[in-house]
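Engineer: Can you keep this structure in mind? I'll have questions shortly.
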Amino acid sequence: MSTIRALVVDDSKIMRSQVKRALDQVTIAEFEYEEAMDGEDALEKFNDDIDMLFVDWNMPKMTGVEFARAVRDQGYEHIPIIMVTAEKSMGKVDKALTEGGADEYITKPFTAEKMSSTIAKFFDERGNLITGEPEEEKKSFFSSILK
Amino acid sequence: MITEQLKQAKEIPVEIVEVVKQSVINTFESIAGEAPTLVFDDTENGPLNGVIGNIAVFNPEYTFSLMLVIPKDTAIKISEAFLGMELSIESEDMGDLIAELSNILAGEVAANMETVGFRGQSSLPTATRGSDLRLFMPNKPPSAKLRFEGNVGDFLLNMALSESRQ
């Protein structure tokens, strides 16, 4: 079973715990966690070891959609971004997927089963994360934010 | 158009109240597994020992302020239903929990308000905890009070309408 390093971004500590608790019940992979309390904090904590992002929308300083867009704009086209949010109108879902470049959208409250079925699409039959992300993407991102 | 109704509103339009009522029912059903029931209540709000979650659904013209008034015993039962463990009312996480519950409710309210023509977005939630809390709206805006009973206990949703500040 592969070990996935997840960055869980939510201004609510309770919700970060809920996401981690749901991911701990996923059998396809094992998760290790980094946590961030808003988009700015997430940008600081995003590093080469992060494999997957779980991102709330409505946060102070920088929203989840802005953070997701920042990640994509820096060339990370393949890292899976899952929006985990209370926003549930179709307009919001569309905005997260198009403007934010998110891959999936889970509305709160969610079940462990919902989380599991959503992220299953990012793994192959051997339990490996499918990203296809070349290392160059990560290098260019970090060199740009360090400037 | 609902926006035209809001311009002259002395009370919150019935279709908005209905949408918010249904949103509360949906939210609590998804968290507690059982839909709460709206109950008639014409009493004055006494002081609350518990937590109040505050959030707004707003657009550039109008703001609906939502105040989720949760008594102590209900808050503890909500923590059991939502987290699988009881939080004490003094716990730091209790405020976080009720704020997040308000956030989830506002997401549902915002989505459902679109069906009656009000397109808005949620503010960030806050929570106030204490043993002698009172709701006070000095300008007496159009407002509505909805009391519910359910498997997590009783609680109130107070809603007020105001013009958005530019």
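A note on labels: chains of the structure tokens are A, B, ... as shown, every chain counts residues from 1, and ligands are counted from 1 in their shown order.
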Give one line per residue of chain B that approaches chain A to at most 9 Å, naming the two atoms of the closest pair and their distance in Å to one decimal, counting only C-alpha atoms; sort by chain then ascending residue number and deliver it as a Markdown table.

Structural biologist:
| residue | atom | partner | partner_atom | distance |
| --- | --- | --- | --- | --- |
| B:Thr27 | CA | A:Pro109 | CA | 8.4 |
| B:Ser30 | CA | A:Pro109 | CA | 7.0 |
| B:Ile31 | CA | A:Pro109 | CA | 6.8 |
| B:Phe82 | CA | A:Pro109 | CA | 8.6 |
| B:Leu83 | CA | A:Gln18 | CA | 7.5 |
| B:Asp93 | CA | A:Ile14 | CA | 6.8 |
| B:Met94 | CA | A:Ile14 | CA | 9.0 |
| B:Asp96 | CA | A:Ser12 | CA | 6.3 |
| B:Leu97 | CA | A:Ile14 | CA | 6.3 |
| B:Ala99 | CA | A:Ser12 | CA | 8.5 |
| B:Glu100 | CA | A:Ser12 | CA | 6.9 |
| B:Leu101 | CA | A:Pro109 | CA | 9.0 |
| B:Asn103 | CA | A:Ala86 | CA | 6.5 |
| B:Ile104 | CA | A:Ala86 | CA | 4.8 |
| B:Leu105 | CA | A:Ala86 | CA | 7.8 |
| B:Ala106 | CA | A:Ala86 | CA | 7.7 |
| B:Gly107 | CA | A:Glu87 | CA | 4.6 |
| B:Glu108 | CA | A:Lys88 | CA | 6.6 |
| B:Ala110 | CA | A:Ser89 | CA | 7.3 |
| B:Ala111 | CA | A:Ser89 | CA | 4.5 |
| B:Asn112 | CA | A:Ser89 | CA | 7.9 |
| B:Glu114 | CA | A:Ser89 | CA | 8.1 |
| B:Gln121 | CA | A:Glu87 | CA | 8.6 |
| B:Ser122 | CA | A:Asn58 | CA | 7.9 |
| B:Ser123 | CA | A:Asn58 | CA | 7.8 |
| B:Leu124 | CA | A:Asn58 | CA | 6.7 |

Engineer: Store the residues of this selection in a file with C-alpha atoms, as a PDB file, in the first residue's frame.

Structural biologist:
ATOM      1  CA  THR B  27     -28.457  20.402   7.524  1.00  0.00           C
ATOM      2  CA  SER B  30     -27.445  15.217   7.412  1.00  0.00           C
ATOM      3  CA  ILE B  31     -25.522  15.660  10.659  1.00  0.00           C
ATOM      4  CA  PHE B  82     -20.982  15.182  14.297  1.00  0.00           C
ATOM      5  CA  LEU B  83     -17.699  13.981  15.769  1.00  0.00           C
ATOM      6  CA  ASP B  93     -13.352  22.940  19.928  1.00  0.00           C
ATOM      7  CA  MET B  94     -17.008  23.588  20.825  1.00  0.00           C
ATOM      8  CA  ASP B  96     -15.170  25.768  16.279  1.00  0.00           C
ATOM      9  CA  LEU B  97     -17.832  23.069  15.912  1.00  0.00           C
ATOM     10  CA  ALA B  99     -19.081  27.901  13.766  1.00  0.00           C
ATOM     11  CA  GLU B 100     -18.566  25.090  11.271  1.00  0.00           C
ATOM     12  CA  LEU B 101     -22.178  23.970  11.679  1.00  0.00           C
ATOM     13  CA  ASN B 103     -20.937  27.485   7.829  1.00  0.00           C
ATOM     14  CA  ILE B 104     -22.534  24.261   6.568  1.00  0.00           C
ATOM     15  CA  LEU B 105     -26.004  25.735   7.154  1.00  0.00           C
ATOM     16  CA  ALA B 106     -25.096  28.927   5.273  1.00  0.00           C
ATOM     17  CA  GLY B 107     -23.840  26.885   2.317  1.00  0.00           C
ATOM     18  CA  GLU B 108     -27.197  25.120   2.181  1.00  0.00           C
ATOM     19  CA  ALA B 110     -27.129  30.149  -0.130  1.00  0.00           C
ATOM     20  CA  ALA B 111     -27.721  27.285  -2.567  1.00  0.00           C
ATOM     21  CA  ASN B 112     -31.436  27.083  -1.764  1.00  0.00           C
ATOM     22  CA  GLU B 114     -30.878  30.794  -5.504  1.00  0.00           C
ATOM     23  CA  GLN B 121     -22.408  34.125  -0.797  1.00  0.00           C
ATOM     24  CA  SER B 122     -21.491  33.137   2.753  1.00  0.00           C
ATOM     25  CA  SER B 123     -19.403  35.180   5.141  1.00  0.00           C
ATOM     26  CA  LEU B 124     -16.914  33.574   7.483  1.00  0.00           C
TER      27      LEU B 124
END

Engineer: Write out as a list in words each polymer residue whose atoms come within 8 Å of stretch 150-157 of chain B, counting only C-alpha atoms; drop sequence neighbours fewer than 6 positions from it.

Structural biologist: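 Surrounding residues, per the criterion: Ala32, Glu34, Ala35, Pro36, Thr37, Leu66, Met67, Leu68, Val69, Ile70, Pro71, Asp73, Thr74, Ala75, Lys77, Ile78 and Ala81 of chain B.
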
Engineer: Export C-alpha atoms of the chosen residues as a PDB file, in the first residue's frame?

Structural biologist:
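Dumped everything to result-v9.pdb:
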ATOM      1  CA  ALA B  32     -27.783  14.037  13.251  1.00  0.00           C
ATOM      2  CA  GLU B  34     -32.990  12.719  11.837  1.00  0.00           C
ATOM      3  CA  ALA B  35     -34.864  15.763  10.585  1.00  0.00           C
ATOM      4  CA  PRO B  36     -35.743  18.290  13.304  1.00  0.00           C
ATOM      5  CA  THR B  37     -39.291  19.614  13.527  1.00  0.00           C
ATOM      6  CA  LEU B  66     -28.223  33.928  10.548  1.00  0.00           C
ATOM      7  CA  MET B  67     -27.842  33.291  14.268  1.00  0.00           C
ATOM      8  CA  LEU B  68     -27.918  29.655  15.285  1.00  0.00           C
ATOM      9  CA  VAL B  69     -28.787  29.609  18.982  1.00  0.00           C
ATOM     10  CA  ILE B  70     -27.690  26.323  20.534  1.00  0.00           C
ATOM     11  CA  PRO B  71     -28.321  25.544  24.230  1.00  0.00           C
ATOM     12  CA  ASP B  73     -27.188  20.291  26.150  1.00  0.00           C
ATOM     13  CA  THR B  74     -27.992  20.482  22.437  1.00  0.00           C
ATOM     14  CA  ALA B  75     -24.434  21.557  21.629  1.00  0.00           C
ATOM     15  CA  LYS B  77     -25.403  16.190  21.597  1.00  0.00           C
ATOM     16  CA  ILE B  78     -24.443  17.797  18.278  1.00  0.00           C
ATOM     17  CA  ALA B  81     -23.523  13.245  16.374  1.00  0.00           C
TER      18      ALA B  81
END

Engineer: In Å, with one decimal, what is the gap from atom CA of B:Thr43 to atom CA of B:Leu133?

Structural biologist: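 Atom-to-atom, atom CA of B:Thr43 to atom CA of B:Leu133, that is 16.1 Å.
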
Engineer: Pick out the residues sitting within 12 Å of B:Asn158, and hand them over as a ChimeraX atom specification; count only C-alpha atoms, and ignore anything fewer than 3 positions along from it in its own chain.

Structural biologist: /B:12,17,20-21,24,45,52-56,64-70,102,134-137,141-148,155,161

Engineer: Please identify all polymer residues within 12 Å of A:Asp24, counting only C-alpha atoms, omitting same-chain residues fewer than 2 positions from it, and present them as an NGL selection string.

Structural biologist: :A and (3-4 or 6 or 17-22 or 26-33 or 112-113 or 115-116)

Engineer: Could you write out the selected residues, including all heavy atoms, as a compact mmCIF listing (two decimals), in the first residue's frame?

Structural biologist:
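Below you can see selection39.txt, which holds the result:
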# COMPACT_ATOMS: atom_id res chain seq x y z
N THR A 3 2.00 5.19 0.56
CA THR A 3 1.77 6.23 1.57
C THR A 3 1.63 7.57 0.86
O THR A 3 2.51 7.96 0.09
CB THR A 3 2.93 6.29 2.57
OG1 THR A 3 3.03 5.01 3.21
CG2 THR A 3 2.69 7.35 3.62
N ILE A 4 0.52 8.24 1.11
CA ILE A 4 0.21 9.50 0.45
C ILE A 4 0.35 10.64 1.45
O ILE A 4 -0.21 10.57 2.54
CB ILE A 4 -1.24 9.49 -0.11
CG1 ILE A 4 -1.46 8.31 -1.04
CG2 ILE A 4 -1.58 10.82 -0.77
CD1 ILE A 4 -0.56 8.29 -2.24
N ALA A 6 -0.74 14.09 2.42
CA ALA A 6 -1.87 14.98 2.10
C ALA A 6 -1.73 16.30 2.84
O ALA A 6 -1.37 16.32 4.02
CB ALA A 6 -3.18 14.32 2.48
N SER A 17 -9.72 17.72 11.33
CA SER A 17 -9.77 16.41 12.00
C SER A 17 -10.74 15.47 11.30
O SER A 17 -10.48 14.27 11.18
CB SER A 17 -10.18 16.58 13.47
OG SER A 17 -9.25 17.36 14.14
N GLN A 18 -11.88 16.02 10.87
CA GLN A 18 -12.89 15.19 10.19
C GLN A 18 -12.34 14.64 8.86
O GLN A 18 -12.58 13.49 8.52
CB GLN A 18 -14.16 16.00 9.92
CG GLN A 18 -14.98 16.31 11.14
CD GLN A 18 -15.59 15.06 11.75
OE1 GLN A 18 -14.98 14.40 12.59
NE2 GLN A 18 -16.77 14.70 11.32
N VAL A 19 -11.64 15.48 8.13
CA VAL A 19 -11.05 15.02 6.86
C VAL A 19 -10.03 13.92 7.14
O VAL A 19 -10.03 12.86 6.48
CB VAL A 19 -10.38 16.20 6.10
CG1 VAL A 19 -9.58 15.69 4.90
CG2 VAL A 19 -11.43 17.20 5.63
N LYS A 20 -9.19 14.14 8.13
CA LYS A 20 -8.16 13.14 8.45
C LYS A 20 -8.79 11.84 8.93
O LYS A 20 -8.35 10.74 8.57
CB LYS A 20 -7.21 13.69 9.53
CG LYS A 20 -6.33 14.83 9.01
CD LYS A 20 -5.23 15.19 9.99
CE LYS A 20 -5.75 15.76 11.26
NZ LYS A 20 -4.71 16.08 12.24
N ARG A 21 -9.86 11.97 9.72
CA ARG A 21 -10.53 10.78 10.22
C ARG A 21 -11.12 9.97 9.06
O ARG A 21 -11.05 8.74 9.04
CB ARG A 21 -11.63 11.17 11.21
CG ARG A 21 -12.12 10.02 12.06
CD ARG A 21 -12.94 10.50 13.22
NE ARG A 21 -14.25 10.95 12.79
CZ ARG A 21 -15.34 10.95 13.54
NH1 ARG A 21 -15.27 10.52 14.79
NH2 ARG A 21 -16.49 11.36 13.10
N ALA A 22 -11.71 10.67 8.09
CA ALA A 22 -12.28 9.97 6.92
C ALA A 22 -11.17 9.32 6.10
O ALA A 22 -11.31 8.17 5.64
CB ALA A 22 -13.07 10.96 6.06
N VAL A 26 -9.78 5.08 4.70
CA VAL A 26 -9.57 4.66 3.30
C VAL A 26 -8.61 3.48 3.29
O VAL A 26 -7.55 3.53 3.91
CB VAL A 26 -9.01 5.84 2.48
CG1 VAL A 26 -8.58 5.37 1.10
CG2 VAL A 26 -10.04 6.94 2.37
N THR A 27 -8.98 2.42 2.60
CA THR A 27 -8.15 1.21 2.62
C THR A 27 -7.17 1.13 1.46
O THR A 27 -6.24 0.34 1.49
CB THR A 27 -9.05 -0.04 2.58
OG1 THR A 27 -9.91 0.06 1.44
CG2 THR A 27 -9.88 -0.16 3.84
N ILE A 28 -7.38 1.97 0.44
CA ILE A 28 -6.57 1.87 -0.77
C ILE A 28 -5.16 2.42 -0.58
O ILE A 28 -4.22 2.06 -1.28
CB ILE A 28 -7.29 2.57 -1.95
CG1 ILE A 28 -6.75 2.04 -3.28
CG2 ILE A 28 -7.19 4.06 -1.85
CD1 ILE A 28 -7.63 2.39 -4.45
N ALA A 29 -5.00 3.32 0.40
CA ALA A 29 -3.68 3.91 0.65
C ALA A 29 -3.60 4.35 2.10
O ALA A 29 -4.61 4.43 2.81
CB ALA A 29 -3.45 5.11 -0.27
N GLU A 30 -2.38 4.63 2.53
CA GLU A 30 -2.18 5.14 3.88
C GLU A 30 -1.83 6.63 3.77
O GLU A 30 -1.07 7.01 2.87
CB GLU A 30 -1.00 4.38 4.51
CG GLU A 30 -0.87 4.57 5.98
CD GLU A 30 0.14 3.58 6.54
OE1 GLU A 30 -0.15 2.36 6.54
OE2 GLU A 30 1.20 4.06 6.96
N PHE A 31 -2.37 7.43 4.66
CA PHE A 31 -2.16 8.87 4.55
C PHE A 31 -1.32 9.41 5.69
O PHE A 31 -1.46 8.99 6.84
CB PHE A 31 -3.51 9.60 4.54
CG PHE A 31 -4.23 9.49 3.22
CD1 PHE A 31 -5.05 8.40 2.95
CD2 PHE A 31 -4.08 10.47 2.24
CE1 PHE A 31 -5.70 8.28 1.73
CE2 PHE A 31 -4.71 10.35 1.02
CZ PHE A 31 -5.54 9.25 0.77
N GLU A 32 -0.45 10.33 5.34
CA GLU A 32 0.24 11.16 6.32
C GLU A 32 -0.19 12.60 6.06
O GLU A 32 -0.53 12.92 4.91
CB GLU A 32 1.76 11.03 6.17
CG GLU A 32 2.27 9.66 6.57
CD GLU A 32 3.78 9.54 6.39
OE1 GLU A 32 4.40 10.48 5.82
OE2 GLU A 32 4.32 8.50 6.78
N TYR A 33 -0.15 13.43 7.11
CA TYR A 33 -0.81 14.73 6.95
C TYR A 33 0.09 15.92 7.26
O TYR A 33 0.91 15.87 8.17
CB TYR A 33 -2.03 14.82 7.89
CG TYR A 33 -2.98 13.69 7.69
CD1 TYR A 33 -3.05 12.64 8.62
CD2 TYR A 33 -3.80 13.64 6.57
CE1 TYR A 33 -3.91 11.58 8.43
CE2 TYR A 33 -4.66 12.57 6.37
CZ TYR A 33 -4.71 11.55 7.30
OH TYR A 33 -5.56 10.50 7.11
N ALA A 112 -17.28 9.07 5.42
CA ALA A 112 -16.01 8.41 5.06
C ALA A 112 -16.18 7.68 3.73
O ALA A 112 -15.24 7.63 2.92
CB ALA A 112 -15.61 7.45 6.17
N GLU A 113 -17.38 7.14 3.49
CA GLU A 113 -17.63 6.41 2.23
C GLU A 113 -17.53 7.36 1.04
O GLU A 113 -17.00 7.01 -0.01
CB GLU A 113 -19.02 5.75 2.27
CG GLU A 113 -19.16 4.60 3.25
CD GLU A 113 -19.23 5.05 4.70
OE1 GLU A 113 -19.63 6.20 4.98
OE2 GLU A 113 -18.84 4.24 5.57
N MET A 115 -15.84 10.17 0.90
CA MET A 115 -14.43 10.52 0.73
C MET A 115 -13.68 9.40 0.02
O MET A 115 -12.92 9.62 -0.93
CB MET A 115 -13.81 10.78 2.12
CG MET A 115 -12.37 11.20 2.10
SD MET A 115 -12.12 12.83 1.36
CE MET A 115 -12.54 13.90 2.73
N SER A 116 -13.95 8.19 0.45
CA SER A 116 -13.26 7.02 -0.10
C SER A 116 -13.57 6.84 -1.58
O SER A 116 -12.66 6.64 -2.41
CB SER A 116 -13.68 5.79 0.69
OG SER A 116 -12.89 4.71 0.36

Engineer: Can you tell me, as a ChimeraX atom specification, which residues in chain A count as alpha helix (DSSP H) by DSSP?

Structural biologist: /A:13-24,39-45,64-73,90-98,112-119,135-146

Engineer: Please report, as a VMD selection string, each residue of stretch 18-157 of chain B to which DSSP assigns strand (DSSP E) when run on this structure's backbone.

Structural biologist: chain B and resid 37 to 39 48 to 58 62 to 71 121 to 122 126 to 133 143 to 150 153 to 157

Engineer: Taking 5 positions as the minimum chain separation for residues in the same chain, which residues sit within 12 Å of A:Asp94 when counting only C-alpha atoms? Answer as a PyMOL selection string.

Structural biologist: chain A and resi 65+83+87-89+99-105

Engineer: Pick out the residues sitting within 8 Å of stretch 39-50 of chain A, and hand them over as a list of chain:residue names; count only C-alpha atoms, and ignore anything fewer than 3 positions along from it in its own chain.

Structural biologist: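 Here the qualifying residues turn out to be A:Ile4, A:Arg5, A:Ala6, A:Leu7, A:Val9, A:Glu34, A:Glu35, A:Ala36, A:Leu53, A:Met59, A:Pro60, A:Lys61, A:Met62, A:Thr63, A:Gly64, A:Glu66, A:Phe67, A:Lys138, A:Phe142.
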
Engineer: With only C-alpha atoms as the atoms that count, which of A:His78, A:Arg69, A:Lys114, A:Lys121 lies nearest to A:Lys95?

Structural biologist: A:Arg69

Engineer: May I ask which of the residues B:Glu149, B:Arg119, B:Asn59, B:Gly50 is the closest one to B:Leu38, counting only C-alpha atoms?

Structural biologist: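 Smallest distance to B:Leu38 is found for B:Glu149.
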
Engineer: B:Thr126, B:Ser79, B:Thr115, B:Ser162: which is nearest B:Lys10, counting only C-alpha atoms?

Structural biologist: B:Ser162

Engineer: Using only C-alpha atoms, pick whichever of B:Val39, B:Ala127, B:Asn26, B:Glu15 has the shortest atom-to-atom distance to B:Glu92.

Structural biologist: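 Under the stated criterion, the closest residue is B:Ala127.
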
Engineer: Quick one: residues within 9 Å of A:Phe122, only C-alpha atoms, excluding same-chain residues fewer than 4 positions away - as a PyMOL selection string?

Structural biologist: chain A and resi 80+118+128-131

Engineer: Produce a file of the selected residues containing C-alpha atoms, as a PDB file, in the first residue's frame.

Structural biologist:
ATOM      1  CA  PRO A  80      -5.021  16.061  -7.240  1.00  0.00           C
ATOM      2  CA  THR A 118     -14.108  10.190  -4.464  1.00  0.00           C
ATOM      3  CA  ASN A 128      -0.541   3.868  -6.562  1.00  0.00           C
ATOM      4  CA  LEU A 129      -1.510   7.514  -6.894  1.00  0.00           C
ATOM      5  CA  ILE A 130      -1.987   8.560 -10.519  1.00  0.00           C
ATOM      6  CA  THR A 131      -0.610  12.042 -11.044  1.00  0.00           C
TER       7      THR A 131
END

Engineer: May I ask for the distance between atom CA of A:Asp38 and atom CA of A:Ala70, given in Å to one decimal place?

Structural biologist: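 Those two atoms sit 13.1 Å apart.
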